[in-house]
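Some notes on the structure that comes next.
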Amino acid sequence: MTSVVDAAIAECLSSPDSKYETIEQIKDAASALHQTHACSLCILRFLQIPFGPVYQDQDTQLYEQLGLSEQSAEPCPVCLGILSHDVARQIAEKYTSQDFDAQQVTLGIEVPKSIYVRHRSMQIFCSANTMTQVHNVVDVKDTLKYLVAQQLANHNVAVVAECDTQIDIAFAHAETARDCQFLVDQTNMANSRVAIVAKLTACSDAEFTAHFASPLPLVTTRALVTVSTKRASIFVGGRYLKLERNISQTPFIVEGRRVTEHSVSEIIGNPIQQLTKCDSYNMVGSGREDADVRMLGDGRPFYIECINPRRTRTLDEDICNIERTLSTTNSPVQARRLQVIRAQDTAIIKEGEENKTKHYCALVWFAHELSQEKLAEINDLGKHEIVLEQKTPVRVLHRRAPLTRPRKLLALAIEHIEGRFYRVRIESEAGTYIKEFVHGDLGRTVPSLAGLADSPADIFELDVECVSLDFPPATI
C-alpha cells in the first residue's frame with residue numbers, strides 16, 4: 001500500500017518543473033536539510049513537496065521513508081517553531097473559543113522579520129550542497145495557512161481569499177530580533193519587512209554570508225503567537241421615540257459624572273450588543289434633541305454600528321424581539337422599524353443632514369399676554385418662509401465655532417392655551433436652534449418669537465414630532 005509520503009515523493013518526481021530525477025536525489029537533499037536541524041515541514045518546503053496529506057502530522061512516517069532520524073525537541077532554526085501542528089491547533093482553538101458564527105475566514109499572518117534572513121541563509125546552504133529548486137521554496141506563510149485551514153475545517157470553517165472575517169496571527173521571536181540588524185546598519189534603511197526583503201533580494205551570497213552564518217545558527221526558544229479576530233461591522237437601523245424627558249441620546253458625562261441616568265443609545269444598543277456579541281457599538285442619529293426634549297411621532301432615524309460582531313447570521317427575528325420587548329415593558333425609549341441594514345444605507349443619515357425638515361411642538365411662556373391681533377399677525381407671518389440669522393448659541397459656544405448661520409422656518413403657528421402660556425408649532429430645516437428662536441438668545445437669533453411678539457419669552461417644554469427622512473429605506 002502506497003504511503004502518503006511515497007505519494008508525495010512520486011508527485012514531486014512527476015512534476016514537469018521538478019529537477020529531481022530519482023528518489024535517491026530527494027533523500028540526499030532531505031538528509032542535508034535534516035543536518036541543519038530543520039523541522040519536517042521545513043524539509044518538505046525546501047524539497048518543494050506540494051501541499052497534501054504528507055503535511056498533516058506525518059513526521060514519523062516521513063522520517064522513516066526518507067531514512068532520517070527524528071529531530072530533537074529543539075525549535076526549528078528555519079521557521080522558529082512556527083510550522084507546528086500544535087501551533088495550528090492552538091490558532092484554530094483560539095478562534096473557535098471567541099464564538100464567531102462565521103463559516104468563512106481569511107488569514108492575516110505576520111512573521112518575525114528574521115524569518116526572511118534565515119530563509120536566505122537556507123537558500124545559500126542548499127546551493128552550496130548542490131541541492132535544486134532553492135529559489136522556489138514553499139512559503140512559510142502559505143504553509144501555515146494550509147495547516148491552520150486543515151484545523152479550522154474540523155470546526156466547519158473554511159479559509160478563503162476574501163470575506164468579512166479575518167484571523168490575525170502575529171509571531172514574535174526576541175532571540176532572533178537582531179538577525180536583520182546588519183542590513184539596517186549597512187544601508188540606514190527602515191527596519192520594515194518590505195525594506196528587508198528588498199535588501200536581501202539585492203545583496204549577493206558573498207555579501208550576505210559575510211554577516212550571517214550558513215548553515216543557520218540554532219535557536220533555543222520558539223516564536224510566540226498572538227491571535228485575534230476582526231470582523232466587518234454590521235449595522236442596525238431604525239427610528240427611536242423618546243417618551244420621557246431627561247434622557248440623552250448618548251451617555252451624557254461631564255468631568256467623569258453622568259448628567260442623565262439613561263441614554264437612548266444604551267437602552268437600544270445594549271440589547272443589540274448582547275445579541276450580536278460585538279466588542280462595542282456606536283449610535284449615529286439623524287441629528288439629536290436635547291436631553292430635556294421628547295422625540296415623538298414616527299421617531300428619529302438612527303443606526304447602530306456593531307463593531308467586531310461575533311454573531312451576524314439569522315438576526316432578523318431577534319432584532320424584532322428587541323423592538324417588541326421595549327414596547328411591552330413600557331420603556332421610555334421605543335424603537336420602530338428596527339432591522340439590519342447595509343453599510344451603504346448609513347449614508348442616508350449623513351446626506352439627510354442638509355435636506356430633512358423637522359416639526360416641533362413647544363410650550364412657551366410670554367411675559368405679557370398676547371392680543372388676538374398679535375397672534376393673527378404671527379400666524380400670518382408663519383404661513384410663509386422665515387429666514388433666521390442665528391449666531392452660535394451661548395450654551396454651546398464652548399464647543400462650537402462662533403459663526404452666524406442662516407436657517408429657515410418653513411411654518412410657524414401659535415395658539416393660546418391659558419394665561420400667558422401658548423402652544424407653538426414650528427417646521428424648520430435641519431440645524432435650527434428652536435429654543436434660541438423662541439427666546440432670542442440675548443439677541444443672537446434674529447428674528448425671534450420673543451421679538452415677533454414684542455414680549456420676553458421662554459420655552460417650558462419642547463417636543464420633536466416629526467423628522468422627515470425616509471429611513472430605514474423601504475427597499476431593505
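Labels for the C-alpha cells follow display order: chains A, B, ..., residues from 1 in each chain, ligands from 1.
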Counting only C-alpha atoms, what are the residues of region 292-382 of chain A within 6 Å of region 446-458 of chain A, and for each of them which pair of atoms is the nearest and at what distance in Å, to one decimal? Sort the table by chain and rising number, as a Markdown table.
```
| residue | atom | partner | partner_atom | distance |
| --- | --- | --- | --- | --- |
| A:Val364 | CA | A:Asp458 | CA | 5.8 |
| A:Trp365 | CA | A:Asp458 | CA | 5.4 |
| A:Phe366 | CA | A:Ala457 | CA | 4.3 |
| A:Ala367 | CA | A:Pro456 | CA | 5.4 |
```
- Task: Please return as an NGL selection string: the residues of region 82-144 of chain A that backbone DSSP assigns to helix (DSSP H, G or I).
- Result: :A and (85-97 or 114-128 or 140-144)
Keeping only N, CA and C atoms, write the selected residues to a file as a short mmCIF file (atom, residue, chain, number, x, y, z; two decimals), in the first residue's frame.
```cif
data_model
loop_
_atom_site.label_atom_id
_atom_site.label_comp_id
_atom_site.auth_asym_id
_atom_site.auth_seq_id
_atom_site.Cartn_x
_atom_site.Cartn_y
_atom_site.Cartn_z
N HIS A 85 2.08 21.59 14.03
CA HIS A 85 0.67 21.19 14.09
C HIS A 85 0.04 21.65 15.40
N ASP A 86 0.83 21.68 16.46
CA ASP A 86 0.31 22.17 17.74
C ASP A 86 -0.03 23.65 17.66
N VAL A 87 0.82 24.43 16.99
CA VAL A 87 0.56 25.86 16.82
C VAL A 87 -0.71 26.06 15.99
N ALA A 88 -0.85 25.29 14.91
CA ALA A 88 -2.04 25.40 14.07
C ALA A 88 -3.30 25.07 14.86
N ARG A 89 -3.23 24.03 15.69
CA ARG A 89 -4.38 23.69 16.53
C ARG A 89 -4.67 24.81 17.53
N GLN A 90 -3.62 25.38 18.09
CA GLN A 90 -3.79 26.47 19.05
C GLN A 90 -4.50 27.66 18.41
N ILE A 91 -4.12 27.97 17.19
CA ILE A 91 -4.75 29.10 16.47
C ILE A 91 -6.22 28.80 16.21
N ALA A 92 -6.51 27.59 15.75
CA ALA A 92 -7.90 27.23 15.46
C ALA A 92 -8.74 27.23 16.73
N GLU A 93 -8.20 26.72 17.82
CA GLU A 93 -8.94 26.69 19.08
C GLU A 93 -9.17 28.09 19.63
N LYS A 94 -8.19 28.97 19.43
CA LYS A 94 -8.36 30.35 19.87
C LYS A 94 -9.50 31.01 19.11
N TYR A 95 -9.57 30.77 17.81
CA TYR A 95 -10.65 31.35 17.01
C TYR A 95 -12.00 30.81 17.46
N THR A 96 -12.11 29.50 17.58
CA THR A 96 -13.41 28.92 17.92
C THR A 96 -13.85 29.32 19.32
N SER A 97 -12.90 29.59 20.22
CA SER A 97 -13.26 29.98 21.57
C SER A 97 -13.88 31.37 21.62
N SER A 114 13.15 38.17 11.03
CA SER A 114 14.31 37.26 10.96
C SER A 114 14.02 36.03 10.12
N ILE A 115 12.74 35.70 9.93
CA ILE A 115 12.38 34.56 9.08
C ILE A 115 12.95 34.74 7.67
N TYR A 116 12.91 35.97 7.16
CA TYR A 116 13.37 36.21 5.78
C TYR A 116 14.89 36.09 5.69
N VAL A 117 15.59 36.52 6.74
CA VAL A 117 17.04 36.37 6.77
C VAL A 117 17.41 34.89 6.82
N ARG A 118 16.72 34.15 7.62
CA ARG A 118 17.01 32.72 7.77
C ARG A 118 16.62 31.94 6.52
N HIS A 119 15.59 32.38 5.85
CA HIS A 119 15.24 31.77 4.57
C HIS A 119 16.37 31.94 3.56
N ARG A 120 16.94 33.14 3.52
CA ARG A 120 18.04 33.38 2.57
C ARG A 120 19.26 32.53 2.94
N SER A 121 19.52 32.40 4.22
CA SER A 121 20.64 31.57 4.66
C SER A 121 20.44 30.13 4.20
N MET A 122 19.22 29.62 4.31
CA MET A 122 18.95 28.25 3.86
C MET A 122 19.09 28.11 2.35
N GLN A 123 18.70 29.13 1.61
CA GLN A 123 18.89 29.09 0.15
C GLN A 123 20.36 28.95 -0.19
N ILE A 124 21.19 29.71 0.49
CA ILE A 124 22.64 29.64 0.24
C ILE A 124 23.17 28.27 0.64
N PHE A 125 22.69 27.74 1.77
CA PHE A 125 23.12 26.41 2.20
C PHE A 125 22.75 25.36 1.15
N CYS A 126 21.55 25.45 0.63
CA CYS A 126 21.11 24.48 -0.38
C CYS A 126 21.97 24.57 -1.64
N SER A 127 22.26 25.77 -2.06
CA SER A 127 23.11 25.94 -3.25
C SER A 127 24.50 25.36 -3.01
N ALA A 128 25.03 25.58 -1.83
CA ALA A 128 26.37 25.08 -1.51
C ALA A 128 26.40 23.56 -1.45
N VAL A 140 6.67 30.09 3.94
CA VAL A 140 6.33 29.72 5.31
C VAL A 140 4.90 30.16 5.66
N LYS A 141 4.47 31.32 5.16
CA LYS A 141 3.11 31.78 5.44
C LYS A 141 2.09 30.88 4.76
N ASP A 142 2.35 30.51 3.52
CA ASP A 142 1.42 29.63 2.81
C ASP A 142 1.32 28.28 3.51
N THR A 143 2.45 27.80 4.03
CA THR A 143 2.43 26.53 4.74
C THR A 143 1.58 26.62 6.01
N LEU A 144 1.77 27.71 6.75
CA LEU A 144 0.97 27.88 7.98
C LEU A 144 -0.50 28.01 7.63
#
```
For region 264-287 of chain A against region 335-346 of chain A, with a cut-off of 10 Å and counting only C-alpha atoms, what is the closest atom pair and its distance in Å to one decimal for every residue that makes the cut, ordered by chain and number, as JSON lines?
```
{"residue": "A:Val264", "atom": "CA", "partner": "A:Ala335", "partner_atom": "CA", "distance": 9.7}
{"residue": "A:Ile267", "atom": "CA", "partner": "A:Ala335", "partner_atom": "CA", "distance": 9.8}
{"residue": "A:Ile268", "atom": "CA", "partner": "A:Ala335", "partner_atom": "CA", "distance": 7.6}
{"residue": "A:Val284", "atom": "CA", "partner": "A:Thr346", "partner_atom": "CA", "distance": 9.0}
```
Take the residues just selected and output them with N, CA, C and O atoms as an mmCIF file, in the first residue's frame.
```cif
data_model
loop_
_atom_site.group_PDB
_atom_site.id
_atom_site.type_symbol
_atom_site.label_atom_id
_atom_site.label_comp_id
_atom_site.auth_asym_id
_atom_site.auth_seq_id
_atom_site.Cartn_x
_atom_site.Cartn_y
_atom_site.Cartn_z
ATOM 1 N N VAL A 264 -30.570 57.004 25.095
ATOM 2 C CA VAL A 264 -31.221 56.240 24.031
ATOM 3 C C VAL A 264 -30.284 55.141 23.531
ATOM 4 O O VAL A 264 -30.693 53.991 23.336
ATOM 5 N N ILE A 267 -30.185 52.149 25.950
ATOM 6 C CA ILE A 267 -31.439 51.411 26.063
ATOM 7 C C ILE A 267 -31.665 50.528 24.834
ATOM 8 O O ILE A 267 -32.127 49.387 24.949
ATOM 9 N N ILE A 268 -31.306 51.038 23.657
ATOM 10 C CA ILE A 268 -31.465 50.237 22.433
ATOM 11 C C ILE A 268 -30.183 49.455 22.131
ATOM 12 O O ILE A 268 -30.228 48.291 21.721
ATOM 13 N N VAL A 284 -25.478 56.497 15.763
ATOM 14 C CA VAL A 284 -25.478 57.706 14.944
ATOM 15 C C VAL A 284 -26.923 58.055 14.636
ATOM 16 O O VAL A 284 -27.657 57.261 14.036
#
```
- Neighbours of Leu410 (chain A) within 12 Å (only C-alpha atoms; same-chain residues fewer than 2 positions away dropped), as a count of residues only? 24
- Among the residues of region 59-130 of chain A, find those DSSP assigns to strand (DSSP E or B) from the backbone and print them as a ChimeraX atom specification. /A:104-110
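Comparing A:Leu370, A:Cys361, A:Leu469, A:Val138 by their smallest distance to Val424 (chain A), the closest is A:Cys361 (using only C-alpha atoms).
CA of Arg245 (chain A) sits 4.6 Å away from CA of Asp292 (chain A).
Proximity of A:Pro112, A:Gly52, A:Gly256, A:Pro217 to Asn191 (chain A), computed with only C-alpha atoms, is greatest for A:Pro112.
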- Item | Who sits within 9 Å of Gly287 (chain A), only C-alpha atoms, same chain under 6 positions skipped, as a PyMOL selection string | chain A and resi 300-302+349+353+430-431
Convert the current residue selection to file output with N, CA, C and O atoms, as a PDB file, in the first residue's frame.
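The result, stored in out_22.pdb:
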```pdb
ATOM      1  N   ARG A 300     -37.030  59.333  15.481  1.00  0.00           N
ATOM      2  CA  ARG A 300     -35.863  59.902  14.809  1.00  0.00           C
ATOM      3  C   ARG A 300     -35.055  58.771  14.166  1.00  0.00           C
ATOM      4  O   ARG A 300     -34.754  57.767  14.818  1.00  0.00           O
ATOM      5  N   PRO A 301     -34.671  58.932  12.894  1.00  0.00           N
ATOM      6  CA  PRO A 301     -33.854  57.904  12.242  1.00  0.00           C
ATOM      7  C   PRO A 301     -32.486  57.774  12.932  1.00  0.00           C
ATOM      8  O   PRO A 301     -31.898  58.767  13.354  1.00  0.00           O
ATOM      9  N   PHE A 302     -32.014  56.537  13.008  1.00  0.00           N
ATOM     10  CA  PHE A 302     -30.701  56.286  13.608  1.00  0.00           C
ATOM     11  C   PHE A 302     -30.180  54.945  13.112  1.00  0.00           C
ATOM     12  O   PHE A 302     -30.925  54.127  12.551  1.00  0.00           O
ATOM     13  N   ILE A 349     -28.292  58.806   6.393  1.00  0.00           N
ATOM     14  CA  ILE A 349     -28.315  59.666   7.584  1.00  0.00           C
ATOM     15  C   ILE A 349     -27.475  60.910   7.352  1.00  0.00           C
ATOM     16  O   ILE A 349     -27.895  62.042   7.651  1.00  0.00           O
ATOM     17  N   GLU A 353     -28.756  65.263   6.501  1.00  0.00           N
ATOM     18  CA  GLU A 353     -28.481  66.393   7.384  1.00  0.00           C
ATOM     19  C   GLU A 353     -28.845  67.721   6.736  1.00  0.00           C
ATOM     20  O   GLU A 353     -29.263  68.654   7.413  1.00  0.00           O
ATOM     21  N   ALA A 430     -33.132  71.442   8.948  1.00  0.00           N
ATOM     22  CA  ALA A 430     -32.195  70.837   9.899  1.00  0.00           C
ATOM     23  C   ALA A 430     -31.196  71.875  10.386  1.00  0.00           C
ATOM     24  O   ALA A 430     -30.803  72.789   9.658  1.00  0.00           O
ATOM     25  N   GLY A 431     -30.810  71.759  11.648  1.00  0.00           N
ATOM     26  CA  GLY A 431     -29.778  72.628  12.200  1.00  0.00           C
ATOM     27  C   GLY A 431     -30.296  73.888  12.850  1.00  0.00           C
ATOM     28  O   GLY A 431     -29.504  74.717  13.305  1.00  0.00           O
TER      29      GLY A 431
END
```
- Message: For Gln372 (chain A), find every residue with an atom within 12 Å (counting only C-alpha atoms), except residues of its own chain fewer than 3 positions away, and show them as number ranges by chain.
- Response: A: 369, 375-379, 414-416, 453
- Between A:Ile43, A:Ala210, A:Val225, A:Val184, which has the minimum distance to Ile169 (chain A) (counting only C-alpha atoms)? A:Val225
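Among the candidates A:Thr445, A:Leu183, A:Ser214, A:Met295, the one nearest to Ala202 (chain A) when counting only C-alpha atoms is A:Leu183.
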Give me the residues near Glu110 (chain A) as a PDB file with N, CA, C and O atoms, in the first residue's frame, where near means some atom within 8 Å (using only C-alpha atoms) and where sequence neighbours in that chain fewer than 4 positions away do not count.
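To be explicit, this is the file written out as out_15.pdb:
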```pdb
ATOM      1  N   ASP A 168      -6.181  37.365  12.562  1.00  0.00           N
ATOM      2  CA  ASP A 168      -4.842  37.953  12.514  1.00  0.00           C
ATOM      3  C   ASP A 168      -3.922  37.135  13.416  1.00  0.00           C
ATOM      4  O   ASP A 168      -4.168  37.003  14.616  1.00  0.00           O
ATOM      5  N   ILE A 169      -2.856  36.617  12.813  1.00  0.00           N
ATOM      6  CA  ILE A 169      -1.907  35.754  13.513  1.00  0.00           C
ATOM      7  C   ILE A 169      -0.546  36.437  13.471  1.00  0.00           C
ATOM      8  O   ILE A 169       0.000  36.673  12.393  1.00  0.00           O
ATOM      9  N   ALA A 170      -0.031  36.789  14.619  1.00  0.00           N
ATOM     10  CA  ALA A 170       1.244  37.528  14.679  1.00  0.00           C
ATOM     11  C   ALA A 170       2.237  36.743  15.540  1.00  0.00           C
ATOM     12  O   ALA A 170       1.911  36.327  16.657  1.00  0.00           O
ATOM     13  N   PHE A 171       3.438  36.573  14.992  1.00  0.00           N
ATOM     14  CA  PHE A 171       4.500  35.875  15.709  1.00  0.00           C
ATOM     15  C   PHE A 171       5.607  36.860  16.082  1.00  0.00           C
ATOM     16  O   PHE A 171       5.903  37.795  15.324  1.00  0.00           O
TER      17      PHE A 171
END
```
- Would you mind reading off the distance between CA of Glu162 (chain A) and CA of Cys306 (chain A), one decimal, in Å? 20.5 Å
- Spatial neighbours of Asp441 (chain A), max dist 9 Å, only C-alpha atoms, sep filter under 6 positions, as a ChimeraX atom specification: /A:391,393-394,435,448
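Here CA of Arg444 (chain A) is placed at a distance of 28.0 Å from CA of Glu351 (chain A).
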